[in-house]
file data38.cif (mmCIF, C-alpha atoms and all ligand atoms)
data_upload
loop_
_atom_site.label_atom_id
_atom_site.label_comp_id
_atom_site.auth_asym_id
_atom_site.auth_seq_id
_atom_site.Cartn_x
_atom_site.Cartn_y
_atom_site.Cartn_z
CA THR A 1 1.24 10.33 18.63
CA ARG A 2 4.42 8.55 19.47
CA MET A 3 4.57 4.78 19.58
CA VAL A 4 7.34 2.44 20.51
CA GLY A 5 7.79 -0.25 17.91
CA ALA A 6 5.89 -0.60 14.69
CA THR A 7 3.03 1.69 13.83
CA ILE A 8 0.23 0.75 11.54
CA MET A 9 -1.00 3.39 9.19
CA ALA A 10 -4.08 3.41 7.08
CA HIS A 11 -3.25 4.21 3.50
CA GLY A 12 -5.55 5.01 0.71
CA ASP A 13 -5.57 5.19 -3.04
CA ASP A 14 -7.45 7.30 -5.58
CA GLN A 15 -10.64 5.54 -4.51
CA GLY A 16 -10.36 6.72 -0.93
CA MET A 17 -9.41 4.97 2.27
CA VAL A 18 -8.03 1.53 2.97
CA LEU A 19 -8.79 0.49 6.54
CA PRO A 20 -7.33 -2.40 8.53
CA PRO A 21 -10.23 -4.76 9.33
CA ASN A 22 -9.51 -4.68 13.05
CA VAL A 23 -10.39 -0.98 13.22
CA ALA A 24 -12.91 -0.70 10.37
CA PRO A 25 -16.35 0.35 11.68
CA VAL A 26 -17.87 -1.85 8.94
CA GLN A 27 -15.82 -4.90 7.91
CA VAL A 28 -18.19 -6.42 5.37
CA VAL A 29 -20.95 -4.79 3.35
CA VAL A 30 -23.47 -6.96 1.56
CA ILE A 31 -24.82 -5.56 -1.72
CA PRO A 32 -27.97 -7.26 -3.01
CA ILE A 33 -28.33 -6.84 -6.78
CA SER A 34 -31.66 -7.16 -8.61
CA ARG A 35 -33.56 -5.55 -11.48
CA THR A 36 -37.04 -7.01 -11.19
CA ASP A 37 -39.37 -7.80 -8.30
CA GLU A 38 -38.88 -11.53 -8.85
CA GLU A 39 -35.12 -11.15 -8.69
CA ARG A 40 -35.38 -9.06 -5.58
CA ALA A 41 -37.54 -11.70 -3.88
CA ALA A 42 -35.07 -14.44 -4.81
CA VAL A 43 -32.11 -12.46 -3.50
CA GLU A 44 -33.94 -11.55 -0.28
CA ALA A 45 -34.77 -15.20 0.31
CA ALA A 46 -31.09 -16.07 0.07
CA LEU A 47 -30.10 -13.16 2.32
CA GLU A 48 -32.18 -14.29 5.24
CA PRO A 49 -30.11 -17.37 6.20
CA LEU A 50 -26.92 -15.51 5.29
CA GLU A 51 -27.74 -12.66 7.68
CA GLN A 52 -28.45 -15.17 10.43
CA GLU A 53 -25.04 -16.68 9.88
CA LEU A 54 -23.25 -13.32 9.77
CA ARG A 55 -24.63 -12.55 13.24
CA THR A 56 -22.64 -15.48 14.62
CA VAL A 57 -19.26 -14.71 13.01
CA MET A 58 -16.44 -13.76 15.38
CA THR A 59 -13.37 -11.87 14.15
CA ALA A 60 -10.07 -10.89 15.75
CA SER A 61 -11.73 -7.63 16.85
CA GLY A 62 -15.00 -9.05 18.13
CA PRO A 63 -18.32 -9.93 16.50
CA LEU A 64 -18.30 -9.28 12.73
CA ARG A 65 -19.29 -5.71 11.89
CA TRP A 66 -21.42 -5.89 8.76
CA GLN A 67 -24.44 -4.41 7.07
CA VAL A 68 -26.65 -4.93 4.07
CA ASP A 69 -27.02 -1.95 1.74
CA ARG A 70 -30.65 -2.08 0.53
CA ARG A 71 -30.81 1.53 -0.62
CA GLU A 72 -32.51 2.31 -3.93
CA GLU A 73 -29.26 3.07 -5.69
CA SER A 74 -27.31 1.38 -8.48
CA PRO A 75 -24.77 -1.30 -7.56
CA GLY A 76 -21.99 0.92 -8.97
CA PHE A 77 -23.04 3.78 -6.70
CA LYS A 78 -22.95 1.50 -3.67
CA PHE A 79 -19.59 -0.07 -4.60
CA ASN A 80 -18.10 3.39 -4.83
CA HIS A 81 -19.75 4.59 -1.63
CA TRP A 82 -18.23 1.78 0.45
CA GLU A 83 -14.85 1.78 -1.29
CA LEU A 84 -14.41 5.47 -0.44
CA ARG A 85 -15.01 4.59 3.22
CA GLY A 86 -12.42 1.84 3.20
CA VAL A 87 -14.74 -1.07 4.03
CA PRO A 88 -12.45 -4.10 3.60
CA LEU A 89 -14.84 -6.61 2.03
CA ARG A 90 -18.01 -6.43 -0.01
CA LEU A 91 -20.27 -9.31 -0.80
CA GLU A 92 -22.26 -9.05 -4.02
CA ILE A 93 -25.35 -11.21 -4.41
CA GLY A 94 -27.43 -11.13 -7.58
CA PRO A 95 -30.03 -13.49 -9.05
CA ARG A 96 -27.46 -15.57 -10.92
CA ASP A 97 -25.44 -15.98 -7.75
CA VAL A 98 -28.53 -17.08 -5.86
CA ALA A 99 -29.31 -19.66 -8.54
CA ALA A 100 -25.77 -21.00 -8.18
CA GLU A 101 -25.95 -20.75 -4.36
CA GLN A 102 -22.93 -18.48 -4.25
CA ALA A 103 -21.87 -14.87 -3.73
CA VAL A 104 -18.93 -12.80 -4.90
CA LEU A 105 -16.50 -11.46 -2.30
CA VAL A 106 -14.48 -8.40 -3.38
CA ARG A 107 -11.50 -7.02 -1.47
CA ARG A 108 -11.16 -3.25 -1.13
CA LEU A 109 -7.36 -3.48 -1.05
CA ASP A 110 -6.82 -4.84 -4.58
CA ARG A 111 -10.39 -5.49 -5.80
CA ALA A 112 -9.61 -9.19 -6.05
CA LYS A 113 -12.81 -11.19 -6.52
CA GLU A 114 -13.59 -14.59 -5.15
CA THR A 115 -16.70 -16.69 -5.57
CA LEU A 116 -17.83 -18.34 -2.35
CA SER A 117 -20.54 -20.87 -1.75
CA LEU A 118 -23.39 -19.21 0.19
CA ASN A 119 -23.31 -21.74 2.99
CA ALA A 120 -19.52 -21.45 3.37
CA ILE A 121 -19.32 -17.66 3.67
CA GLY A 122 -19.86 -17.48 7.43
CA GLY A 123 -16.98 -19.86 8.01
CA GLN A 124 -14.61 -18.02 5.67
CA LEU A 125 -14.94 -14.37 6.64
CA ALA A 126 -12.85 -14.33 9.81
CA GLY A 127 -9.92 -15.90 7.96
CA ARG A 128 -10.28 -13.55 5.00
CA LEU A 129 -10.28 -10.54 7.33
CA ALA A 130 -7.23 -11.80 9.23
CA GLY A 131 -5.31 -12.22 5.96
CA TYR A 132 -6.40 -8.76 4.82
CA GLN A 133 -5.27 -7.24 8.13
CA GLN A 134 -1.84 -8.78 7.66
CA GLU A 135 -1.55 -7.44 4.11
CA VAL A 136 -2.50 -3.90 5.11
CA PHE A 137 0.13 -4.07 7.83
CA GLN A 138 2.81 -5.32 5.40
CA ARG A 139 1.90 -2.56 2.95
CA ALA A 140 2.29 0.04 5.67
CA ILE A 141 5.72 -1.32 6.55
CA ALA A 142 6.77 -1.37 2.89
CA PHE A 143 5.41 2.14 2.34
CA ARG A 144 7.37 3.44 5.29
CA ALA A 145 10.55 1.74 4.14
CA ALA A 146 10.16 3.20 0.65
CA ASN A 147 9.65 6.69 2.05
CA SER A 148 12.29 6.71 4.74
CA HIS A 149 15.53 8.65 4.72
CA GLU A 150 18.45 8.53 7.12
CA VAL A 151 19.85 11.97 7.82
CA ASP A 152 22.79 13.00 9.98
CA ASP A 153 22.74 16.76 10.14
CA TYR A 154 20.06 19.33 10.79
CA ASP A 155 20.36 21.23 7.51
CA THR A 156 19.84 18.04 5.53
CA PHE A 157 16.98 17.15 7.86
CA LYS A 158 15.23 20.46 7.20
CA ALA A 159 15.77 20.24 3.45
CA THR A 160 14.54 16.65 3.30
CA VAL A 161 11.37 17.38 5.27
CA GLU A 162 10.71 20.32 2.98
CA GLU A 163 11.46 18.67 -0.37
CA ARG A 164 10.63 15.02 0.12
CA GLY A 165 8.58 14.67 3.30
CA GLY A 166 8.08 11.09 4.39
CA PHE A 167 9.88 9.54 7.30
CA LEU A 168 13.30 10.54 8.58
CA TYR A 169 15.56 8.43 10.74
CA ALA A 170 17.83 10.72 12.73
CA HIS A 171 19.74 10.87 15.98
CA TRP A 172 18.20 12.59 18.98
CA CYS A 173 19.71 12.86 22.45
CA GLY A 174 16.43 12.28 24.29
CA ASP A 175 16.05 15.88 25.48
CA SER A 176 12.59 17.37 25.00
CA THR A 177 14.11 20.81 24.28
CA CYS A 178 15.77 19.42 21.14
CA GLU A 179 12.59 17.67 20.14
CA ARG A 180 10.59 20.87 20.57
CA GLN A 181 13.04 22.89 18.50
CA ILE A 182 12.84 20.38 15.65
CA ASN A 183 9.08 20.42 15.83
CA GLU A 184 8.83 24.21 15.87
CA GLU A 185 11.28 24.72 13.02
CA THR A 186 10.26 21.87 10.71
CA GLY A 187 6.81 20.65 11.81
CA ALA A 188 8.25 17.14 12.25
CA THR A 189 7.58 15.10 15.38
CA ILE A 190 8.97 11.85 16.70
CA ARG A 191 6.72 8.96 15.71
CA VAL A 192 8.58 5.83 16.62
CA ILE A 193 11.50 4.89 18.77
CA PRO A 194 12.46 1.64 17.01
CA PHE A 195 13.00 -1.53 19.00
CA GLU A 196 16.01 -2.39 16.94
CA SER A 197 18.51 0.38 16.58
CA SER A 198 19.31 1.25 13.02
CA GLY A 199 22.93 2.09 12.36
CA GLY A 200 24.16 2.30 15.95
CA PRO A 201 24.97 5.38 18.01
CA GLY A 202 25.45 8.92 16.74
CA LYS A 203 25.03 12.56 17.68
CA CYS A 204 21.85 14.56 18.30
CA LEU A 205 20.80 16.69 15.32
CA ILE A 206 20.44 19.80 17.46
CA ASP A 207 23.09 19.82 20.19
CA GLY A 208 25.46 17.05 19.15
CA ARG A 209 25.06 15.12 22.38
CA PRO A 210 25.35 11.33 22.13
CA SER A 211 22.38 9.30 20.90
CA SER A 212 22.22 5.53 21.14
CA GLN A 213 19.99 5.05 18.11
CA ARG A 214 18.01 6.82 15.44
CA VAL A 215 14.37 7.68 15.98
CA LEU A 216 11.72 8.12 13.33
CA PHE A 217 10.50 11.63 12.58
CA ALA A 218 7.60 12.59 10.35
CA ARG A 219 5.72 15.76 9.69
CA ALA A 220 2.07 15.89 10.67
CA TYR A 221 -0.12 16.39 7.60
ZN ZN B 301 19.74 17.00 21.66
#

call {"tool": "encode", "arguments": {"input": "data38.cif", "output": "structure tokens", "more": "lines below"}}
Ligand SMILES: [Zn+2]
result
Amino acid sequence: TRMVGATIMAHGDDQGMVLPPNVAPVQVVVIPISRTDEERAAVEAALEPLEQELRTVMTASGPLRWQVDRREESPGFKFNHWELRGVPLRLEIGPRDVAAEQAVLVRRLDRAKETLSLNAIGGQLAGRLAGYQQEVFQRAIAFRAANSHEVDDYDTFKATVEERGGFLYAHWCGDSTCERQINEETGATIRVIPFESSGGPGKCLIDGRPSSQRVLFARAY
């Protein structure tokens, strides 16, 4: 996939995926926490108005995509389950939270926790998701910058793809024959033709013809 301009990439960590909220199939998962029947009843009573409110929340990518995980599993199991799938936000509600009319919002990105008043949650989620989206985007940009190399000749290009991978900024004349040769010999494809040229004109890696700017290559994984 080639894109002009900035690309957004989903990155993960050792706990699985991190998804941008605008593309996440589930943006918020609600985890009710209870040990006894009384606790469960109290939590369910608090969930009812909350669920009604969640149905009305609009986000940058349409109506809020959310669900309540009522499975008979431990909270830890559920936290892990949804973290692995990259769900941006989870809302934990236990009996003590209900008593205090609050819930705990946890971000997948950095596991930062925030206590929110139950009746304020509906009004806060869209903003929280928009901020999260922006942070994932900034991380992707920073990740790309940290893993980018500028190369000027084909031997260095091949060695860099092999040894370091990542993203390579190199000159290309615009001819699909050169692009195909690079792809066949190194597995790298052109990902981005930057809006702003980096470093000015140069010569194509393959045939030495003039190139007005570097393009971004990466190998498909
Ligand atoms: Zn060329």

call {"tool": "axis_aligned_box", "arguments": {"input": "data38.cif", "around": "segment 15-26 of chain A", "padding_each_side": "8 Å", "output": "AutoDock Vina command-line options"}}
result
--center_x -12.6 --center_y 1.0 --center_z 4.4 --size_x 26.5 --size_y 27.5 --size_z 33.7

call {"tool": "residues_around", "arguments": {"input": "data38.cif", "residues": "segment 187-189 of chain A", "least_positions_apart": "5", "cutoff": "7 Å", "atoms": "only C-alpha atoms", "output": "PyMOL selection string"}}
result
chain A and resi 182+217-220

call {"tool": "write_last_selection", "arguments": {"input": "data38.cif", "atoms": "C-alpha atoms", "output": "PDB file, in the coordinates of the input"}}
result
ATOM      1  CA  ILE A 182      12.840  20.380  15.650  1.00  0.00           C
ATOM      2  CA  PHE A 217      10.500  11.630  12.580  1.00  0.00           C
ATOM      3  CA  ALA A 218       7.600  12.590  10.350  1.00  0.00           C
ATOM      4  CA  ARG A 219       5.720  15.760   9.690  1.00  0.00           C
ATOM      5  CA  ALA A 220       2.070  15.890  10.670  1.00  0.00           C
TER       6      ALA A 220
END

call {"tool": "closest_atom_pairs", "arguments": {"input": "data38.cif", "of": "chain A", "to": "ligand ZN 301 (chain B)", "cutoff": "7 Å", "atoms": "all atoms listed in the file", "output": "CSV"}}
result
residue,atom,partner,partner_atom,distance
A:Trp172,CA,B:ZN301,ZN,5.4
A:Cys173,CA,B:ZN301,ZN,4.2
A:Gly174,CA,B:ZN301,ZN,6.3
A:Asp175,CA,B:ZN301,ZN,5.4
A:Cys178,CA,B:ZN301,ZN,4.7
A:Cys204,CA,B:ZN301,ZN,4.7
A:Leu205,CA,B:ZN301,ZN,6.4
A:Ile206,CA,B:ZN301,ZN,5.1
A:Asp207,CA,B:ZN301,ZN,4.6
A:Gly208,CA,B:ZN301,ZN,6.2
A:Arg209,CA,B:ZN301,ZN,5.7

call {"tool": "atom_distance", "arguments": {"input": "data38.cif", "atom1": "atom CA of Arg85 of chain A", "atom2": "atom CA of Ile121 of chain A"}}
result
22.7 Å

call {"tool": "closest_residue", "arguments": {"input": "data38.cif", "among": "A:Val215, A:Leu168, A:Ala126, A:Val26", "to": "Pro88 of chain A", "atoms": "only C-alpha atoms"}}
result
A:Val26

call {"tool": "atom_distance", "arguments": {"input": "data38.cif", "atom1": "atom CA of Gln134 of chain A", "atom2": "atom CA of Pro20 of chain A"}}
result
8.5 Å

call {"tool": "closest_residue", "arguments": {"input": "data38.cif", "among": "A:Thr115, A:Asn80, A:Asn22, A:Ser148", "to": "Ala100 of chain A", "atoms": "all atoms listed in the file"}}
result
A:Thr115

call {"tool": "closest_residue", "arguments": {"input": "data38.cif", "among": "A:Tyr132, A:Trp66, A:Phe157, A:Tyr169", "to": "Arg111 of chain A", "atoms": "only C-alpha atoms"}}
result
A:Tyr132

call {"tool": "residues_around", "arguments": {"input": "data38.cif", "residues": "Ala170 of chain A", "least_positions_apart": "6", "cutoff": "10 Å", "atoms": "all atoms listed in the file", "output": "number ranges by chain"}}
result
A: 149-154, 157, 190, 198, 202-205, 211, 213-217

call {"tool": "closest_residue", "arguments": {"input": "data38.cif", "among": "A:Ala120, A:Ala42, A:Asn147, A:Ser212", "to": "Thr160 of chain A", "atoms": "only C-alpha atoms"}}
result
A:Asn147

call {"tool": "residues_around", "arguments": {"input": "data38.cif", "residues": "Glu114 of chain A", "least_positions_apart": "6", "cutoff": "10 Å", "atoms": "only C-alpha atoms", "output": "list in words"}}
result
Leu91, Ala103, Val104, Leu105, Val106 and Arg107 of chain A

call {"tool": "atom_distance", "arguments": {"input": "data38.cif", "atom1": "atom CA of Val29 of chain A", "atom2": "atom CA of Ala99 of chain A"}}
result
20.8 Å

call {"tool": "residues_around", "arguments": {"input": "data38.cif", "residues": "Ile33 of chain A", "least_positions_apart": "5", "cutoff": "7 Å", "atoms": "all atoms listed in the file", "output": "ChimeraX atom specification"}}
result
/A:75,93-94

call {"tool": "write_last_selection", "arguments": {"input": "data38.cif", "atoms": "C-alpha atoms", "output": "PDB file, in the frame of the given file"}}
result
ATOM      1  CA  PRO A  75     -24.770  -1.300  -7.560  1.00  0.00           C
ATOM      2  CA  ILE A  93     -25.350 -11.210  -4.410  1.00  0.00           C
ATOM      3  CA  GLY A  94     -27.430 -11.130  -7.580  1.00  0.00           C
TER       4      GLY A  94
END

call {"tool": "residues_around", "arguments": {"input": "data38.cif", "residues": "Gln67 of chain A", "least_positions_apart": "2", "cutoff": "7 Å", "atoms": "all atoms listed in the file", "output": "PyMOL selection string"}}
result
chain A and resi 28-30+69

call {"tool": "closest_residue", "arguments": {"input": "data38.cif", "among": "A:Met58, A:Val23, A:Val98, A:Met17", "to": "Glu39 of chain A", "atoms": "only C-alpha atoms"}}
result
A:Val98

call {"tool": "residues_near_point", "arguments": {"input": "data38.cif", "point": "(-22.9, -21.2, -5.2)", "cutoff": "6 Å", "atoms": "all atoms listed in the file", "output": "PyMOL selection string"}}
result
chain A and resi 100-102+117-118

call {"tool": "closest_residue", "arguments": {"input": "data38.cif", "among": "A:Gln181, A:Gln52, A:Thr156, A:Ser61", "to": "Asn119 of chain A", "atoms": "all atoms listed in the file"}}
result
A:Gln52
